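J.: Structure incoming, see below.
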Amino acid sequence: MSLSSAGDAGALVAPASVSLDRTKTRRRAAWRRRRLVLLLMSPWIIGFSVFFGYPLAMSVYLSFTHYDLLSPPRWIGFANYHYLFNVDPQVWTAVKNTLWFIAIAVPLQVLFAFGIALMLARARRGVGVFRTIFYLPALAPPVAATLGFVYILNPATGPVNTILGHLGIEGPLWFQDPAWSKPSLTLLAMWGVGNTMIIFLAAILDAPRQLYESAELDGAGPLQRMRWVTLPSISPVILFAVILGVIGGLQYFTQAYVAAGVAAGQASQAADVSAVNLGYPLDSTLFYPVLLYEHGFTDFQMGYASALAVLLLGVSFAVTLVIVVNSRKWVHYGGMAR
Amino acid sequence: MTTVDTPAPATFVRRKPPARVRRRRFLLSVANHSLLIAASVAFLLPFFFIVMTSLMTNDQALSPKIWPHPFAWHNYVDVFTKAPLWRWTLNTLLYSTLATLGVLVSSIPVAYALARLRWRGSQIAFMLVLIALMLPPQVTVVPLYVMWAKLGLVGTLWPVIIPNWLGDAFSIFLLRQFFLTIPEEYLDAARVDGCGELRVLFTVVVRLAKPAIAAVALFSFLYTFNDFFLPLLYVGENSNNWVLSIGLSEFRSLHQVEWNLTMAATLLVMAPVIILFFLAQKAFVEGVTLTGVKG
């Protein structure tokens with residue numbers, strides 16, 4: 001294609017008989033092409049440097065300082081990291097909570113979305129209506145959805161516990177109980193699984209029909225067809241959903257923050273939402289990003305918050321690297337399926 | 001969906017499967033539909049409870065009753081007097097509209113350069129877009145906050161609007177994936193007609209990519225409408241500039257508001273998104289599928 005900007009290389013191998021003029025024109029064309037690329041890319045180049053590259057480097061620097069926004073940062077070496085790894089008891093709690101969410105809520109979400117997509121793919125009637133119903137909750141703004149769930153699951157008079165009571169079951173304390181707060185958030189996450197479900201449904205419907213037919217001719221039952229046809233042909237999409245889930249789990253904040261605040265207010269009747277309530281009840285919803293928020297933006301310990309951010313960066317970067325390195329495989333598959 | 005490439009063996013007369021098989025299939029189908037209906041009811045129940053509570057009197061919202069008696073339609077009027085919902089809505093619209101415009105203006109050219117122009121470093125640039133897309137915002141948030149604080153813009157919505165005018169990683173990614181699918185012949189035809197590369201982009205490509213652009217605009221609008229973390233940081237302390245998500249999260253504590261009114265406000269915040277969905281259902285589903293299958 002004439003689009004490549006290999007102008008320089010072309011000029012080098014050009015025979016000496018070619019006039020200087022032609023080299024010049026070619027150089028000018030290459031220069032113009034480079035200018036065009038630069039022009040088109042300029043918003044991203046500026047944005048990436050100012051809003052990503054610079055703060056990333058700055059985070060690393062600040063993590064070695066004591067900084068409270070009022071006086072200039074003071075270099076304190078590894079003190080923040082020492083405190084982070086060896087002293088701060090909340091870090092381990094936050095890491096455990098986040099791992100809990102990634103290890104339990106994310107797989108549940110993926111399985112659930114997969115199950116619904118399978119049922120939808122098999123349905124003969126009403127697919128459109130069902131699909132809309134399953135997708136709608138994914139649209140609900142997270143703050144609104146969380147508020148709704150805290151009310152619906154409120155232990156004393158909430159509709160869910162009322163119904164459970166009629167069935168003779170004593171409902172749990174949900175968001176008020178450290179043992180039930182994360183499962184409650186998991187329920188909320190499963191309610192909003194619509195995006196993943198639609199992606200799965202599209203992938204299942206796109207699986208090559210002739211594979212199913214030949215599998216059936218070979219005498220494969222429904223379970224075997226699922227294992228040997230459906231799963232392999234949508235595995236790239238499952239991987240994609242798991243990865244998105246892990247990334248989402250690492251930055252899980254809004255629902256935890258809102259649920260803790262509202263549930264704490266409900267319990268105290270004073271309805272006072274303040275920083276004290278982060279992680280309510282008993283730090284059981286203190287996820288890693290919530291801890292970072294607490295140190296950085298309620299206590300303004302910018303240096304320590306940066307150290308927390310650098311640790312998060314390390315973990316996310318490792319995850320991201322695995323994805324990008326492996327992406328060739330499933331991007332290729334995705335292209336095929338489409 | 002696309003079974004065109006399958007040579008249809010349907011010329012053979014398909015024999016009806018035996019009654020036993022047919023009965024089993026029928027039963028499976030009934031079981032499948034029953035499960036679907038049960039799951040649908042479970043998915044709709046939260047909406048149902050929220051709607052019902054929003055129509056109760058305060059006393060009733062604190063009782064275990066599920067059906068409102070009497071229906072307190074007035075809640076939907078009271079909610080506007082208890083809290084500055086209109087101002088929050090205006091702030092939200094300001095944020096969402098300006099951010100979405102910015103995303104479109106800045107991301108389309110970048111996606112085009114990454115998808116259709118060949119230049120040294122384009123692979124690396126795309127890799128950097130992916131990395132920016134995948135790293136949590138918390139990683140860069142501290143220095144950014146310091147930067148905006150030094151500029152005196154903490155307390156305003158500018159820190160959440162301006163970055164959108166300088167390229168958004170997710171939109172660049174999604175648009176690039178779509179631009180890759182446009183056949184080169186269309187672009188070459190325009191080039192032969194004497195179009196410069198910019199004209200090709202702004203006439204041919206933009207026109208062909210309308211569905212993808214619509215999806216990006218939709219996602220960007222939704223994302224900013226729902227956004228909580230960044231507005232919390234930058235306008236959390238300045239209630240004049242609160243957006244709906246912040247206002248709603250502080251709703252109960254701020255005004256000592258009852259649950260029935262809180263649920264009414266919750267529903268009012270959900271409503272625009274759901275209406276938008278029904279107006280643009282096709283763009284939604286296509287967009288979501290685009291993010292996943294091409295992922």
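Chain labels run A, B, ... following the order of the structure tokens; each chain numbers its residues from 1, and ligands are numbered from 1 in the order shown.
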Counting only C-alpha atoms, what is within 12 Å of stretch 221-225 of chain A, bar same-chain residues fewer than 3 positions away, as a ChimeraX atom specification?

T.: /A:118,122,207,209-218,228-233 /B:25,28

J.: Emit the selected residues as a short mmCIF file (atom, residue, chain, number, x, y, z; two decimals), in the first residue's frame, including N, CA and C atoms.

T.:
```
data_model
loop_
_atom_site.label_atom_id
_atom_site.label_comp_id
_atom_site.auth_asym_id
_atom_site.auth_seq_id
_atom_site.Cartn_x
_atom_site.Cartn_y
_atom_site.Cartn_z
N LEU A 118 -27.44 -19.51 27.68
CA LEU A 118 -27.76 -20.83 27.14
C LEU A 118 -29.27 -21.03 27.03
N ARG A 122 -31.72 -21.38 23.55
CA ARG A 122 -32.59 -22.52 23.27
C ARG A 122 -34.05 -22.13 23.14
N ALA A 207 -21.93 -19.66 16.92
CA ALA A 207 -21.18 -20.91 16.81
C ALA A 207 -21.63 -21.65 15.56
N ARG A 209 -23.13 -23.77 12.91
CA ARG A 209 -24.23 -24.72 13.02
C ARG A 209 -23.83 -26.12 12.58
N GLN A 210 -22.96 -26.18 11.55
CA GLN A 210 -22.64 -27.51 11.01
C GLN A 210 -21.91 -28.36 12.04
N LEU A 211 -21.21 -27.69 12.99
CA LEU A 211 -20.53 -28.45 14.04
C LEU A 211 -21.56 -29.19 14.90
N TYR A 212 -22.66 -28.48 15.22
CA TYR A 212 -23.70 -29.12 16.02
C TYR A 212 -24.29 -30.29 15.26
N GLU A 213 -24.51 -30.06 13.96
CA GLU A 213 -25.15 -31.11 13.17
C GLU A 213 -24.28 -32.34 13.09
N SER A 214 -22.97 -32.13 12.84
CA SER A 214 -22.12 -33.32 12.73
C SER A 214 -21.96 -33.99 14.08
N ALA A 215 -21.96 -33.19 15.16
CA ALA A 215 -21.87 -33.78 16.49
C ALA A 215 -23.10 -34.64 16.75
N GLU A 216 -24.25 -34.13 16.29
CA GLU A 216 -25.49 -34.86 16.53
C GLU A 216 -25.49 -36.17 15.72
N LEU A 217 -24.97 -36.07 14.48
CA LEU A 217 -24.90 -37.27 13.65
C LEU A 217 -23.99 -38.31 14.29
N ASP A 218 -22.92 -37.83 14.96
CA ASP A 218 -22.01 -38.74 15.62
C ASP A 218 -22.59 -39.27 16.92
N TRP A 228 -18.19 -30.18 23.85
CA TRP A 228 -17.25 -30.25 22.73
C TRP A 228 -17.55 -29.26 21.62
N VAL A 229 -18.72 -28.66 21.61
CA VAL A 229 -19.01 -27.68 20.56
C VAL A 229 -19.20 -26.28 21.14
N THR A 230 -20.18 -26.14 22.04
CA THR A 230 -20.49 -24.80 22.55
C THR A 230 -19.30 -24.19 23.27
N LEU A 231 -18.79 -24.91 24.26
CA LEU A 231 -17.71 -24.34 25.07
C LEU A 231 -16.48 -23.94 24.25
N PRO A 232 -15.95 -24.83 23.41
CA PRO A 232 -14.77 -24.42 22.65
C PRO A 232 -15.04 -23.23 21.74
N SER A 233 -16.24 -23.16 21.16
CA SER A 233 -16.44 -22.08 20.20
C SER A 233 -16.71 -20.75 20.87
N ARG B 25 -38.19 -33.59 23.55
CA ARG B 25 -37.84 -32.22 23.14
C ARG B 25 -38.85 -31.21 23.68
N LEU B 28 -38.31 -30.70 27.37
CA LEU B 28 -37.11 -29.89 27.59
C LEU B 28 -37.41 -28.42 27.34
#
```

J.: Identify, with DSSP run on backbone atoms, the residues in stretch 62-234 of chain B assigned to helix (DSSP H, G or I), and express the list as a ChimeraX atom specification.

T.: /B:75-82,85-116,122-134,137-139,141-150,158-166,169-179,184-192,197-208,210-226,229-234

J.: I'd like the contact shell of B:Ile274 - 12 Å cut-off, only C-alpha atoms, skipping same-chain residues fewer than 6 positions apart - returned as a list in words.

T.: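 Here the qualifying residues turn out to be Thr132, Ile133, Tyr135, Leu136, Pro137, Ala138, Leu139, Ala140 and Pro141 of chain A; Phe47, Leu222, Leu267, Leu268, Ala280, Gln281 and Phe284 of chain B.
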
J.: Suppose we keep N, CA and C atoms; can you now write the selection as a tab-separated table (two decimals), in the first residue's frame?

T.:
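Dumped to selection_20.tsv:
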```
chain	number	residue	atom	x	y	z
A	132	THR	N	-34.53	-8.45	26.94
A	132	THR	CA	-34.68	-7.10	27.49
A	132	THR	C	-34.76	-7.13	29.02
A	133	ILE	N	-35.53	-8.09	29.54
A	133	ILE	CA	-35.68	-8.17	31.00
A	133	ILE	C	-34.34	-8.43	31.67
A	135	TYR	N	-31.43	-7.75	30.50
A	135	TYR	CA	-30.45	-6.68	30.26
A	135	TYR	C	-30.74	-5.43	31.08
A	136	LEU	N	-32.02	-5.15	31.34
A	136	LEU	CA	-32.40	-3.90	32.00
A	136	LEU	C	-31.62	-3.58	33.28
A	137	PRO	N	-31.49	-4.54	34.22
A	137	PRO	CA	-30.78	-4.20	35.47
A	137	PRO	C	-29.35	-3.73	35.23
A	138	ALA	N	-28.72	-4.22	34.16
A	138	ALA	CA	-27.35	-3.80	33.87
A	138	ALA	C	-27.31	-2.30	33.58
A	139	LEU	N	-28.46	-1.75	33.17
A	139	LEU	CA	-28.51	-0.33	32.83
A	139	LEU	C	-28.68	0.54	34.06
A	140	ALA	N	-29.27	-0.02	35.11
A	140	ALA	CA	-29.58	0.79	36.29
A	140	ALA	C	-28.29	1.42	36.81
A	141	PRO	N	-28.27	2.73	37.01
A	141	PRO	CA	-27.07	3.39	37.55
A	141	PRO	C	-26.65	2.72	38.86
B	47	PHE	N	-37.13	-4.20	40.72
B	47	PHE	CA	-37.81	-3.04	40.15
B	47	PHE	C	-39.20	-2.90	40.77
B	222	LEU	N	-23.83	7.09	28.92
B	222	LEU	CA	-24.20	6.25	30.06
B	222	LEU	C	-23.12	6.24	31.12
B	267	LEU	N	-35.84	5.76	41.45
B	267	LEU	CA	-36.54	5.42	40.21
B	267	LEU	C	-36.39	6.54	39.18
B	268	LEU	N	-36.45	7.78	39.65
B	268	LEU	CA	-36.31	8.91	38.73
B	268	LEU	C	-34.92	8.93	38.10
B	280	ALA	N	-33.17	3.36	21.87
B	280	ALA	CA	-31.99	3.01	21.06
B	280	ALA	C	-31.56	1.58	21.30
B	281	GLN	N	-32.53	0.69	21.42
B	281	GLN	CA	-32.24	-0.69	21.80
B	281	GLN	C	-31.26	-1.37	20.84
B	284	PHE	N	-27.72	-0.27	21.28
B	284	PHE	CA	-27.20	-0.85	22.52
B	284	PHE	C	-26.68	-2.25	22.29
```

J.: Find the residues around stretch 142-153 of chain A up to 6 Å (only C-alpha atoms counted), leave out those fewer than 4 positions away in its own chain, and share them as a list in words.

T.: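 Once the adjacent positions are removed, what remains is Gly158, Pro159, Val160 and Gln255 of chain A; Thr266 of chain B.
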
J.: Contacts between stretch 27-40 of chain A and stretch 84-155 of chain B, please, where a residue of stretch 84-155 of chain B counts if it comes within 7 Å (with only C-alpha atoms); show its shortest atom pair and distance in Å to one decimal, rows by chain and ascending number, as a tab-separated table.

T.:
```
residue	atom	partner	partner_atom	distance
B:Pro109	CA	A:Leu40	CA	5.0
B:Val110	CA	A:Leu40	CA	5.5
B:Ala113	CA	A:Val37	CA	6.2
```

J.: Next, dump the selected residues to file, keeping only N, CA and C atoms, as a PDB file, in the first residue's frame.

T.:
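Once written, result_37.pdb looks like this:
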```pdb
ATOM      1  N   PRO B 109     -10.646  10.576  15.197  1.00  0.00           N
ATOM      2  CA  PRO B 109      -9.399  10.673  14.422  1.00  0.00           C
ATOM      3  C   PRO B 109      -8.322   9.706  14.908  1.00  0.00           C
ATOM      4  N   VAL B 110      -8.209   9.548  16.229  1.00  0.00           N
ATOM      5  CA  VAL B 110      -7.180   8.661  16.770  1.00  0.00           C
ATOM      6  C   VAL B 110      -7.443   7.225  16.317  1.00  0.00           C
ATOM      7  N   ALA B 113      -6.477   6.801  12.694  1.00  0.00           N
ATOM      8  CA  ALA B 113      -5.034   6.714  12.495  1.00  0.00           C
ATOM      9  C   ALA B 113      -4.521   5.344  12.922  1.00  0.00           C
TER      10      ALA B 113
END
```

J.: Using only C-alpha atoms, which residues of chain B come within 7 Å of chain A, and what is the closest atom pair for each, with the distance in Å to one decimal? Give it as a Markdown table, sorted by chain and residue number.

T.:
```
| residue | atom | partner | partner_atom | distance |
| --- | --- | --- | --- | --- |
| B:Met1 | CA | A:Asp206 | CA | 5.9 |
| B:Thr6 | CA | A:Gln210 | CA | 7.0 |
| B:Asn32 | CA | A:Met119 | CA | 6.2 |
| B:His33 | CA | A:Ala123 | CA | 6.6 |
| B:Leu36 | CA | A:Met119 | CA | 6.8 |
| B:Ser40 | CA | A:Ile133 | CA | 6.3 |
| B:Phe43 | CA | A:Phe134 | CA | 6.5 |
| B:Phe49 | CA | A:Ile152 | CA | 6.9 |
| B:Ile50 | CA | A:Gly148 | CA | 6.3 |
| B:Leu62 | CA | A:Thr157 | CA | 6.2 |
| B:Ser63 | CA | A:Thr157 | CA | 5.6 |
| B:Pro64 | CA | A:Thr157 | CA | 4.5 |
| B:Ile66 | CA | A:Pro159 | CA | 6.3 |
| B:Ser106 | CA | A:Pro43 | CA | 5.8 |
| B:Pro109 | CA | A:Leu40 | CA | 5.0 |
| B:Val110 | CA | A:Met41 | CA | 4.9 |
| B:Ala113 | CA | A:Val37 | CA | 6.2 |
| B:Leu117 | CA | A:Leu3 | CA | 6.6 |
| B:Arg118 | CA | A:Ser4 | CA | 5.2 |
| B:Trp119 | CA | A:Ser5 | CA | 6.1 |
| B:Ile131 | CA | A:Thr320 | CA | 6.7 |
| B:Met134 | CA | A:Thr320 | CA | 6.4 |
| B:Leu135 | CA | A:Ser316 | CA | 6.0 |
| B:Pro136 | CA | A:Gln251 | CA | 5.7 |
| B:Gln138 | CA | A:Ala309 | CA | 6.4 |
| B:Val139 | CA | A:Ala309 | CA | 4.8 |
| B:Thr140 | CA | A:Pro55 | CA | 5.2 |
| B:Val142 | CA | A:Ser306 | CA | 6.5 |
| B:Pro143 | CA | A:Pro55 | CA | 5.1 |
| B:Leu144 | CA | A:Pro55 | CA | 6.1 |
| B:Pro163 | CA | A:Gly47 | CA | 6.6 |
| B:Leu166 | CA | A:Pro43 | CA | 4.5 |
| B:Gly167 | CA | A:Trp44 | CA | 4.8 |
| B:Asn226 | CA | A:Pro141 | CA | 5.1 |
| B:Phe228 | CA | A:Thr254 | CA | 6.4 |
| B:Phe229 | CA | A:Thr254 | CA | 6.5 |
| B:Ser245 | CA | A:Val143 | CA | 6.0 |
| B:Ser249 | CA | A:Val258 | CA | 6.2 |
| B:Arg252 | CA | A:Ala271 | CA | 6.9 |
| B:Ser253 | CA | A:Ala271 | CA | 4.9 |
| B:Gln256 | CA | A:Ala271 | CA | 7.0 |
| B:Met263 | CA | A:Gly148 | CA | 6.8 |
| B:Thr266 | CA | A:Ala144 | CA | 5.1 |
| B:Val269 | CA | A:Ala144 | CA | 6.9 |
| B:Met270 | CA | A:Ala140 | CA | 5.5 |
| B:Val273 | CA | A:Leu139 | CA | 6.6 |
| B:Ile274 | CA | A:Leu139 | CA | 6.9 |
| B:Val288 | CA | A:Asn195 | CA | 6.6 |
| B:Thr289 | CA | A:Ile199 | CA | 5.2 |
| B:Gly292 | CA | A:Ile199 | CA | 5.5 |
| B:Val293 | CA | A:Gly334 | CA | 5.2 |
| B:Lys294 | CA | A:Gly334 | CA | 5.0 |
| B:Gly295 | CA | A:Val331 | CA | 5.9 |
```

J.: Please save N, CA and C atoms of the selected residues as a compact mmCIF listing (two decimals), in the first residue's frame.

T.:
```txt
# COMPACT_ATOMS: atom_id res chain seq x y z
N MET B 1 -26.46 -17.47 13.13
CA MET B 1 -27.02 -16.34 12.41
C MET B 1 -26.68 -16.47 10.92
N THR B 6 -23.10 -22.68 4.81
CA THR B 6 -23.43 -24.09 4.99
C THR B 6 -24.15 -24.59 3.76
N ASN B 32 -37.18 -25.41 29.91
CA ASN B 32 -36.34 -24.26 29.59
C ASN B 32 -37.12 -22.96 29.76
N HIS B 33 -38.35 -22.94 29.21
CA HIS B 33 -39.14 -21.72 29.30
C HIS B 33 -39.55 -21.42 30.74
N LEU B 36 -36.70 -19.84 32.41
CA LEU B 36 -36.54 -18.47 31.93
C LEU B 36 -37.54 -17.55 32.60
N SER B 40 -36.75 -14.46 34.99
CA SER B 40 -37.23 -13.11 34.64
C SER B 40 -37.94 -12.47 35.81
N PHE B 43 -35.51 -11.24 38.20
CA PHE B 43 -34.83 -10.03 37.72
C PHE B 43 -35.72 -8.81 37.82
N PHE B 49 -40.34 -3.96 43.68
CA PHE B 49 -40.29 -3.49 45.07
C PHE B 49 -39.98 -2.00 45.13
N ILE B 50 -39.06 -1.55 44.28
CA ILE B 50 -38.68 -0.13 44.32
C ILE B 50 -39.90 0.72 43.93
N LEU B 62 -41.97 1.77 56.27
CA LEU B 62 -41.24 1.20 57.41
C LEU B 62 -41.95 -0.02 57.97
N SER B 63 -43.05 -0.41 57.34
CA SER B 63 -43.76 -1.61 57.79
C SER B 63 -43.48 -2.73 56.79
N PRO B 64 -43.77 -3.99 57.18
CA PRO B 64 -43.47 -5.08 56.25
C PRO B 64 -44.48 -5.24 55.13
N ILE B 66 -46.15 -4.90 51.46
CA ILE B 66 -45.50 -4.83 50.16
C ILE B 66 -46.32 -4.05 49.15
N SER B 106 -12.52 13.75 19.79
CA SER B 106 -11.11 13.42 19.95
C SER B 106 -10.79 11.97 19.60
N PRO B 109 -10.65 10.58 15.20
CA PRO B 109 -9.40 10.67 14.42
C PRO B 109 -8.32 9.71 14.91
N VAL B 110 -8.21 9.55 16.23
CA VAL B 110 -7.18 8.66 16.77
C VAL B 110 -7.44 7.22 16.32
N ALA B 113 -6.48 6.80 12.69
CA ALA B 113 -5.03 6.71 12.49
C ALA B 113 -4.52 5.34 12.92
N LEU B 117 -4.23 3.89 8.94
CA LEU B 117 -2.97 4.45 8.44
C LEU B 117 -1.83 3.56 8.91
N ARG B 118 -0.81 3.43 8.07
CA ARG B 118 0.34 2.63 8.50
C ARG B 118 1.46 3.57 8.89
N TRP B 119 1.91 3.44 10.08
CA TRP B 119 3.05 4.24 10.51
C TRP B 119 3.80 3.50 11.59
N ILE B 131 -3.45 -0.70 27.48
CA ILE B 131 -2.99 -0.65 28.87
C ILE B 131 -3.75 0.42 29.65
N MET B 134 -7.09 -0.79 30.63
CA MET B 134 -7.24 -1.86 31.60
C MET B 134 -6.79 -1.48 33.00
N LEU B 135 -5.94 -0.50 33.14
CA LEU B 135 -5.48 -0.16 34.49
C LEU B 135 -6.57 0.61 35.22
N PRO B 136 -6.75 0.33 36.51
CA PRO B 136 -7.80 1.00 37.29
C PRO B 136 -7.52 2.50 37.40
N GLN B 138 -7.80 4.30 39.85
CA GLN B 138 -7.20 4.62 41.14
C GLN B 138 -5.69 4.76 41.06
N VAL B 139 -5.10 4.17 40.01
CA VAL B 139 -3.65 4.16 39.91
C VAL B 139 -3.09 5.56 39.65
N THR B 140 -3.86 6.38 38.96
CA THR B 140 -3.35 7.71 38.61
C THR B 140 -4.06 8.82 39.36
N VAL B 142 -4.27 10.03 42.47
CA VAL B 142 -3.68 10.94 43.45
C VAL B 142 -2.97 12.13 42.80
N PRO B 143 -2.00 11.88 41.88
CA PRO B 143 -1.35 13.03 41.25
C PRO B 143 -2.32 13.88 40.44
N LEU B 144 -3.32 13.26 39.83
CA LEU B 144 -4.28 14.05 39.06
C LEU B 144 -5.04 14.99 39.98
N PRO B 163 -10.62 15.74 30.45
CA PRO B 163 -9.88 14.59 29.90
C PRO B 163 -10.60 13.92 28.74
N LEU B 166 -9.55 14.73 25.21
CA LEU B 166 -8.22 14.34 24.77
C LEU B 166 -8.13 12.82 24.60
N GLY B 167 -9.17 12.24 24.03
CA GLY B 167 -9.13 10.82 23.71
C GLY B 167 -9.54 9.95 24.87
N ASN B 226 -23.63 7.58 34.92
CA ASN B 226 -23.54 6.69 36.07
C ASN B 226 -22.31 6.95 36.92
N PHE B 228 -19.47 7.73 39.37
CA PHE B 228 -19.58 8.12 40.77
C PHE B 228 -18.23 8.49 41.37
N PHE B 229 -17.22 7.65 41.12
CA PHE B 229 -15.93 7.81 41.79
C PHE B 229 -15.30 9.17 41.51
N SER B 245 -25.66 11.14 40.59
CA SER B 245 -25.15 9.97 41.32
C SER B 245 -24.71 10.38 42.73
N SER B 249 -26.66 9.41 46.34
CA SER B 249 -25.98 8.65 47.40
C SER B 249 -26.05 9.38 48.74
N ARG B 252 -30.44 10.43 51.50
CA ARG B 252 -31.08 10.12 52.77
C ARG B 252 -30.46 10.89 53.92
N SER B 253 -29.13 10.93 53.94
CA SER B 253 -28.47 11.57 55.07
C SER B 253 -28.68 13.08 55.04
N GLN B 256 -32.58 13.90 55.77
CA GLN B 256 -33.34 13.04 56.69
C GLN B 256 -34.58 12.52 55.97
N MET B 263 -36.74 6.01 47.40
CA MET B 263 -37.01 5.08 46.30
C MET B 263 -37.60 5.82 45.09
N THR B 266 -34.66 7.29 43.45
CA THR B 266 -33.92 6.21 42.80
C THR B 266 -34.53 5.87 41.44
N VAL B 269 -33.91 8.48 38.85
CA VAL B 269 -32.56 8.44 38.28
C VAL B 269 -32.41 7.29 37.29
N MET B 270 -33.12 6.18 37.56
CA MET B 270 -33.06 5.05 36.63
C MET B 270 -33.81 5.36 35.34
N VAL B 273 -32.19 6.47 31.81
CA VAL B 273 -31.37 5.44 31.19
C VAL B 273 -32.25 4.38 30.54
N ILE B 274 -33.31 4.01 31.25
CA ILE B 274 -34.18 2.96 30.72
C ILE B 274 -34.94 3.46 29.50
N VAL B 288 -22.86 -3.54 22.53
CA VAL B 288 -22.37 -4.48 23.53
C VAL B 288 -21.74 -5.68 22.85
N THR B 289 -22.40 -6.16 21.79
CA THR B 289 -21.88 -7.31 21.08
C THR B 289 -20.52 -6.98 20.46
N GLY B 292 -17.69 -7.24 22.90
CA GLY B 292 -17.33 -8.57 23.33
C GLY B 292 -16.76 -9.43 22.23
N VAL B 293 -17.50 -9.58 21.16
CA VAL B 293 -17.11 -10.56 20.16
C VAL B 293 -15.82 -10.15 19.48
N LYS B 294 -15.64 -8.85 19.33
CA LYS B 294 -14.41 -8.41 18.68
C LYS B 294 -13.28 -8.27 19.66
N GLY B 295 -13.63 -8.39 20.95
CA GLY B 295 -12.66 -8.13 22.00
C GLY B 295 -11.30 -8.71 21.70
```

J.: What's around B:Pro84 at 10 Å? Count only C-alpha atoms, leave out sequence neighbours fewer than 4 positions away in its own chain, and write the answer as a PyMOL selection string.

T.: chain B and resi 79-80+88-89+239-240+242+244+247

J.: Any chance you could export the current selection's N, CA and C atoms as an mmCIF file, in the first residue's frame?

T.:
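Okay, selection_33.cif is ready:
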```cif
data_model
loop_
_atom_site.group_PDB
_atom_site.id
_atom_site.type_symbol
_atom_site.label_atom_id
_atom_site.label_comp_id
_atom_site.auth_asym_id
_atom_site.auth_seq_id
_atom_site.Cartn_x
_atom_site.Cartn_y
_atom_site.Cartn_z
ATOM 1 N N VAL B 79 -40.540 14.822 46.226
ATOM 2 C CA VAL B 79 -39.132 14.536 46.081
ATOM 3 C C VAL B 79 -38.385 15.736 45.489
ATOM 4 N N PHE B 80 -39.089 16.520 44.661
ATOM 5 C CA PHE B 80 -38.430 17.682 44.059
ATOM 6 C C PHE B 80 -38.292 18.840 45.031
ATOM 7 N N TRP B 88 -29.171 18.944 40.183
ATOM 8 C CA TRP B 88 -28.331 17.755 39.950
ATOM 9 C C TRP B 88 -28.490 17.255 38.522
ATOM 10 N N THR B 89 -29.730 17.275 38.033
ATOM 11 C CA THR B 89 -29.965 16.819 36.661
ATOM 12 C C THR B 89 -29.231 17.706 35.664
ATOM 13 N N SER B 239 -21.612 21.048 47.059
ATOM 14 C CA SER B 239 -22.923 20.505 46.708
ATOM 15 C C SER B 239 -23.603 21.280 45.574
ATOM 16 N N ASN B 240 -23.090 22.477 45.237
ATOM 17 C CA ASN B 240 -23.668 23.205 44.102
ATOM 18 C C ASN B 240 -23.447 22.460 42.796
ATOM 19 N N TRP B 242 -23.005 19.103 42.485
ATOM 20 C CA TRP B 242 -23.288 17.682 42.558
ATOM 21 C C TRP B 242 -24.010 17.195 41.311
ATOM 22 N N LEU B 244 -26.245 13.765 39.660
ATOM 23 C CA LEU B 244 -27.304 12.913 40.219
ATOM 24 C C LEU B 244 -26.746 11.769 41.064
ATOM 25 N N GLY B 247 -25.685 13.156 44.414
ATOM 26 C CA GLY B 247 -26.853 13.610 45.152
ATOM 27 C C GLY B 247 -27.666 12.443 45.690
#
```

J.: Env of A:Pro155: 7 Å cut, atoms = only C-alpha atoms, seq-sep filter 5 positions within chain, self excluded. Answer as a PyMOL selection string.

T.: chain A and resi 161+172-174

J.: Could you please determine the separation between atom CA of B:Pro18 and atom CA of A:Arg227 in Å, to one decimal place?

T.: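 The value is 25.8 Å.
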
J.: What does the distance between atom CA of B:Val192 and atom CA of B:Leu104 come to in Å, to one decimal place?

T.: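 These atoms are spaced 27.5 Å apart.
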
J.: When you draw a straight line from atom CA of B:Asp188 to atom CA of B:Ala217, how long is it in Å?

T.: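 Between atom CA of B:Asp188 and atom CA of B:Ala217 the gap is 27.5 Å.
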
J.: Extract, using only C-alpha atoms, all DNA, RNA and protein residues at most 9 Å from A:Val95, discarding same-chain residues fewer than 4 positions from it, and format them as number ranges by chain.

T.: A: 90-91, 99-100, 286-288
